[in-house]
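K.L.:
This is the structure I want to talk about, given as C-alpha cells.
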Amino acid sequence: MSSSTSSSSPVKSTGLHVGAIKPGVAKKDPILVADGVRRQFGGLVAVEVEHVEIPRNAITALIGPNGAGKTTFFNLLTGFDQPNDGKWSFNGKSLAGVSAFKVARLGLIRTFQLTKALGLLTVMDNMKLGSTEQRGEKLSASLFPFLWKKKDAEIEDKALEILRRFKLDEKKDDFAASLSGGQRKLLEMARALMTNPELVMLDEPMAGVNPALTESLLEHILNLKQEGMTVLFVEHDMHMVRHIADWVIVMAEGKVVAEGAPDEVMKNPAVIDAYLGSHQDIDLGTVTGRVTLPTLPKEK
Amino acid sequence: MRTRSTMRRRIARLASALSAFALAFGALAIAAPAQADVVNAEMPFKVSGNVQNQGKPVAGVTVTLTGAAGYTATVATDADGKFVAGVPAKEADYTVTLDETTLPEGIAVIDNPATTFVEANVQTVTVGPGGRATMNFFIGQGERHTTSFVDQVVQRLISGLNFGLMLALASVGLSLIYGTTGISNFAHAELVTFGAVATFGLVALMGPGLLWLAIPIALILSAGLGWGLDAALWAPLRRRGMGLVQLMIVSIGLSLGIRYTYQFFIGGSTEQLPGSDAERFKLFGSVTLSITDIVSMGLSVILIVAFALWLSRTKIGKATRAISDNPSLAASSGIDVDGVVRIVWIIGSVLAGFSGILWAYFRPGIRWDMGGQILLLIFAATTLGGLGTAYGALVGSLIVGVLVEGSSLFIPSDLKYVGALVILIGILLFRPQGILGRKERVG
Amino acid sequence: MDFLGILSSSVSFILAPTTLAYALATLGLAVHFGFGGLLNMGMAGFMALGAYGYAIGVLTFGLPWYLAAFVGIGAAIVFALILGIPTLRLRGDYLAIVTIAAAEIVRLLLLSSAFGGVTGSADGLSGFNGPGGTITNPAEGAGGFDQSNPIPAGTYGFPPFLDNERIWYLRIVGAIILGLAIFIVWRLVNSPWGRVIKGIREDEDAVRSLGKNVFAYKMQALIIGGVLGALGGLMLAFSTNVNSSVYVTSLTFFLWTALLLGGAATVFGPLAGSIIFWVLQAFLGLLFPALAEVGLMPFSTIQASQIKFIIVGFALVLLVVFRPQGLFGNKKELTFVK
Ligand SMILES: Nc1ncnc2c1ncn2[C@@H]1O[C@H](COP(=O)(O)OP(=O)(O)O)[C@@H](O)[C@H]1O
Ligand SMILES: [Mg+2]
C-alpha cells in the first residue's frame, strides 16, 4: 500500500476553470470565493487578493515563496484573523465576520503550519475532540454519562478506523506530546477528518515529515478527494505539488500572481520570477523543495 | 467597515460590563458612611482629638483619617466634640482631615501655629511608640480652606507625574525583563522594596548625614541582587527551558519568600528615611511642592533619559531590543543572549531599587510590603503600554500615575487605585496587546 | 516546650473548617488552571464575594442563611461574567494580571469607607451567623446558620478533634459541600466537556479550528471554578467574621501553593494540598515560636512566627522547579505547557 502511489500516477481532475487562464480565473464549480481580501500589518500589506476561486472536489495547491502571505490568507479565510477589507464566501455563504469556530462548523477545517497537537491529551482524546455534535460536550449533559456514553463509543470506533489508516492506532493511548513531529502532523490531519469536513485546508502538511511518511501523507490527501472532499494545501516542494495537485495557485507578496494546471504554471514567467528573481537557470524543484523523493517521477 | 462594527460591539460590551459594575456597587453606595464617635475600636492603636470653637465643643463634624496601606476611616465628633479612631499601626503617620462643610455656618478651622502644613483643616499626626496620638482642631471666625478646582487639578497633576515617573522606573525594568525572558516577574515588587530597605539599613548604619552616600550604595546592592537572582535562579531555569507559566509561579513564590524575609528583619512597622518631613512651599495658589518632590522628579527624568539612551544607542541596548523582538533570531545572529539578559536583570533591579527609594518618600515610609502595594500598578502600567515594550511601559506609567492621583478629585481617595485598575481592564478590551504592543500571529 | 501539644494542634487542622474552605477554593483553581489552563490569579476576589455576599445577604437584606449563601454564589457568577467577557480573549499572562487586578478592585471596594454602611469597610462584618437579623433591627432575624445546627450543645470527639457542636457542624457542612464538589468536578473532567476544556488548556486555537466555541467553554470553566471559590469564601464566613484584609493577593498565592502541592490537574490534589499546607503552616507557626521561647532559636517569638511564610514562598519555588506535577500528580501530566 505504501509504495503504490509512486508507481501509478493519480488521476487528475481537469477542466476546472472557465475561460482563459489568468490569476483569479472563474471556476466551474467553486467551493470558496474570495474578493478583494486585504490584510495589512502596520505598513506591510501581507495579503491583497483581488479575486480567487477554489474548485470543488479537487486538490488545489497554494504555493509561493516564504512570506508570500499564504498562512495569513489561510487565517483570514478561516476566521482566525480579520482582514482590513474584502469579502469571501464558502458554498455561497459569506464568511465575513464569522468567528473561527463557526467557520469550522460549516465544514471548512484547517490545520496549522506549526503543528497544534494537544500534547497532554492522548492520541485518542485528540481524535475524539474532532468529532462534532457530541451531546456530552454540553455542560449540562456532561454530568450524566448515560447521555453520552453510547455516542462516545461510536466516536471511538470511527477514530480507530482513521488512526489505523494513518498508522497511529498503536499510539492511541500515548500522550500526543510523545509523538514525533511527523506523527503529530498526521494526527492533526486525522483529527481534522473526524469533523467530516467539506473543505480541508492544510498549511504545509509535509514540512518536517520524513520521506517515508510523506508518501503515505500524499496518499491520504489523494484519498480525501476520492471521498468527495476538497483540499487546499500549502506546499513548497514542487515535485509533490506536481504529483498530486489538480490546480495550482501562486502567491507572491500577498497577491495571486498566477494560476493553472501544475505543469503549465511552472512555466509561467511570473512564477519563475517570484521564486528565483535572477537565478533562472536553477531547477524550481530543487530550489523550493526540501526533500527529493527518488521514488517520485520527475516528469510525468 | 467591519472594524467599525467590531468596535461598536466592543463598546457595547464595555458599557454593559461597566454598568454591571456600577449596578453591583451603586446599590451599596446608597448607604451612608458609618457615623459614630468611635470607629475601628478593635484596632490596636488610637488617634483621638477635640474640635472646639473658642473652648466650646462642636458636635457632628466629620473627620477623615488616611494612612498607609489604604487605611481610611471617617468619624464624626460626639456631643463633647471628641472623636476617636482606631488605627492599624503605630510609629506611622496619618493624615487627619476635617470636613469644613460639616461645620456650622460662618466658622472655619483656624491655623494652629504649631503645624507647618499649609491647610489647617488637613493635618498630619504621628502615632508614636505609645500607640496613641491626639489631634485637636481649633475653630474660629475665619476663611474656610477651600482650594480652587484648578489648583486641585494642578496639584494632582504634579503629584501624578511624580508618582508616574516613579512607577516608570520600576515598570521599564519589568517590561525589559519580560521582553527578553518572557517572565512576568512578580518579585519585581521586592526589588522595589529592596532599594528602600537597603537605604534605610545603610542610613541606620552610617547616620542620616550620609544619605547621599547611602543611596548609591543601596543601588549597587540592588544591582548585586539582580545579578545574584539571575545567576542563581533565572539563568539555570532558562537553561532548563522552563515554561513561562512555571517561571511566573516561581516568581510569585520568590516574591512571598523575600517579602516575608523583609518583615522578619524590619518588622511590621513603618520607618522613615531622613528628609521625608521636608517642608512644603507654595508654588502658586494653594499648590505646594516639597524639595523631595522636585529632586525625585528630576532624578527620575535623568535616569529615564539615560536608560532610553542606553537602549537606543549602545550595543547592548540594541541587542536587548533585538532579543525582545525575536530571541531565536538574535541568538542565531551571534548575540550573547545570556550575557545581555544578565545585564537586563541588573539594570532592571537598579531602576526598581531607585523607584523604591522614591516610593519611600512618596508614601511616605518604608514597610516590608511597600513594593507589593504598587506591584499591580507597575503591572498595569507595563500591560497598558504593551508587555515587553520599554517605551510603552513609560507611557503606561505616566498614564497610571496621573490617573491614580487625578481620580481622587472625583472618587473617594481610598478608591484611587480602583480607577487605574478598571481602566487597565477597559483598555485591554480594545487593544488586547496593550497600547504599543504588537498582535501575535496565529498559525 | 509542649511538643505533643504543638503536634496535636497541627494535626487538628486536617479537619479544620479553614482547611475545607481552602480545599474548595483550590479545587476551583484546579478547574481554572489545572484543567482549563486559565491563569486565574484573582481567586481571593471570588472568595471575598462568596463571603461578603452571604454576610451582606443576612445583614442588609435580612435573608435566611441558606438564601444569603446564594447571594454569595450569585455574586461570584456575576463577577466571573464581568471578568470573563473582556479577559477570556486575552493571552494567558495578560489574564493573570487582569484577574489579580480585578480581585484587588473587589477588595478595595469592600474596604472603602464609601460603602461602609453595607460592607463595614475596614471593620468588616460580624454577627451574621448568629440569630440573624439586620444591622438596623437584629430582632427581625430569619434564623442564622448557627441556629440551623441540629447537633445538641456539648463537646464531641477525641483529641485532637475534641470540639464543640459548632465546629463539628462546620466540619460536616464543609465536608458535604466539598465531597459534592469533588464528585461533580470528577464527573466533569472525565466527560467530553472535560476533554474540550483540557484541549483548550493545551492549545485553544486548535480546539477552535475543530468547531468548538472556545469562549463559551472558558466562561463555563471560569464560572464553575469561581463558584467553588465562592463556596470556599462562604465556608470561611460560616466559621468566622469577614474582613477584607483576609482576601488579599497573598491568599490567592497560598491557594496556588496548595494547588501545586497536591497536583494541579488532579481532582483530589486540592484537598491533599490544602491539608498539607495547613498542617505544616500550623506546625511551623507553633514550633518556631516555641523553640525561640526556650532559646533554641536566636530570634524573638514574633520573628519566629513569621518564618513559616518565608518557608511557604521558597517552598513554592522549589515545588515548581523540582516537582511541577505536585506530590500526587502524574509525572507525565505536568499540566505545564509552555
Ligand atoms: N501577526 C503578524 N504581525 C506582523 N506581521 C505579520 C504577522 N503575520 C504575518 N506577518 C507578515 O506577513 C507576511 C506574510 O506572512 P505569512 O502569511 O506567514 O507568509 P507565508 O505563509 O506565505 O510564508 C510576512 O512578511 C510576515 O512577516
Ligand atoms: Mg506560512
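Ligands are numbered from 1 in the order shown, residues from 1 within each chain, and chains are lettered A, B, ... in the order they appear in the C-alpha cells.
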Taking only C-alpha atoms into account, which residues of chain A are within 12 Å of chain B, as a PyMOL selection string?

P.N.:
chain A and resi 41-42+69-76+78-87+96-100+110-116+202-204

K.L.:
Save out the residues we just selected, C-alpha atoms, as a PDB file, in the first residue's frame.

P.N.:
ATOM      1  CA  PHE A  41       0.340  44.668   9.367  1.00  0.00           C
ATOM      2  CA  GLY A  42       1.449  48.194  10.063  1.00  0.00           C
ATOM      3  CA  GLY A  69       1.108  35.651   2.708  1.00  0.00           C
ATOM      4  CA  LYS A  70      -0.198  32.099   2.368  1.00  0.00           C
ATOM      5  CA  THR A  71      -0.588  31.445   6.083  1.00  0.00           C
ATOM      6  CA  THR A  72      -2.102  34.871   6.618  1.00  0.00           C
ATOM      7  CA  PHE A  73      -4.565  34.166   3.806  1.00  0.00           C
ATOM      8  CA  PHE A  74      -5.483  30.868   5.487  1.00  0.00           C
ATOM      9  CA  ASN A  75      -6.023  32.702   8.760  1.00  0.00           C
ATOM     10  CA  LEU A  76      -8.285  35.226   7.076  1.00  0.00           C
ATOM     11  CA  THR A  78     -10.907  30.572   8.413  1.00  0.00           C
ATOM     12  CA  GLY A  79     -11.746  33.428  10.760  1.00  0.00           C
ATOM     13  CA  PHE A  80      -8.521  33.278  12.771  1.00  0.00           C
ATOM     14  CA  ASP A  81      -7.652  36.781  11.625  1.00  0.00           C
ATOM     15  CA  GLN A  82      -9.755  39.662  10.351  1.00  0.00           C
ATOM     16  CA  PRO A  83      -8.947  41.433   7.071  1.00  0.00           C
ATOM     17  CA  ASN A  84      -8.911  45.188   6.700  1.00  0.00           C
ATOM     18  CA  ASP A  85     -11.171  44.790   3.726  1.00  0.00           C
ATOM     19  CA  GLY A  86     -12.833  42.263   1.459  1.00  0.00           C
ATOM     20  CA  LYS A  87     -15.431  39.538   1.362  1.00  0.00           C
ATOM     21  CA  ALA A  96     -17.018  37.861   6.691  1.00  0.00           C
ATOM     22  CA  GLY A  97     -17.209  38.404  10.442  1.00  0.00           C
ATOM     23  CA  VAL A  98     -17.966  34.741  11.129  1.00  0.00           C
ATOM     24  CA  SER A  99     -15.881  33.506  14.050  1.00  0.00           C
ATOM     25  CA  ALA A 100     -13.370  30.728  13.575  1.00  0.00           C
ATOM     26  CA  ARG A 110      -7.799  23.950   8.563  1.00  0.00           C
ATOM     27  CA  THR A 111      -4.549  22.684  10.023  1.00  0.00           C
ATOM     28  CA  PHE A 112      -1.671  24.836  11.165  1.00  0.00           C
ATOM     29  CA  GLN A 113       1.802  25.355   9.798  1.00  0.00           C
ATOM     30  CA  LEU A 114       3.168  24.969  13.325  1.00  0.00           C
ATOM     31  CA  THR A 115       1.504  21.747  14.365  1.00  0.00           C
ATOM     32  CA  LYS A 116      -1.066  22.069  17.097  1.00  0.00           C
ATOM     33  CA  LEU A 202      -3.618  22.103   5.079  1.00  0.00           C
ATOM     34  CA  ASP A 203      -0.817  24.549   5.866  1.00  0.00           C
ATOM     35  CA  GLU A 204       2.453  22.876   4.899  1.00  0.00           C
TER      36      GLU A 204
END

K.L.:
Only residues of chain C matter here; which ones have an atom within 6 Å of chain A, counting only C-alpha atoms? Give them as a list in words.

P.N.:
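In the required form, that comes to Arg187, Leu188, Ser191, Pro192, Trp193, Glu202, Ala206, Arg208, Ser209, Leu210, Gly211, Lys212 and Asn213 of chain C.
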
K.L.:
Which one is closest to chain C: B:Ala278, B:Ala204, B:Met43, B:Leu358? Count only C-alpha atoms.

P.N.:
B:Met43

K.L.:
Select, from B:Gly140, B:Pro208, B:Gly365, B:Gly426, the residue with the minimum atom-to-atom distance to chain C, counting only C-alpha atoms.

P.N.:
B:Gly426

K.L.:
Determine the nearest neighbour of chain C from the options B:Gly419, B:Gly339, B:Gly334, B:Gly275, counting only C-alpha atoms.

P.N.:
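Checking each of B:Gly419, B:Gly339, B:Gly334, B:Gly275 against chain C, counting only C-alpha atoms, the winner is B:Gly419.
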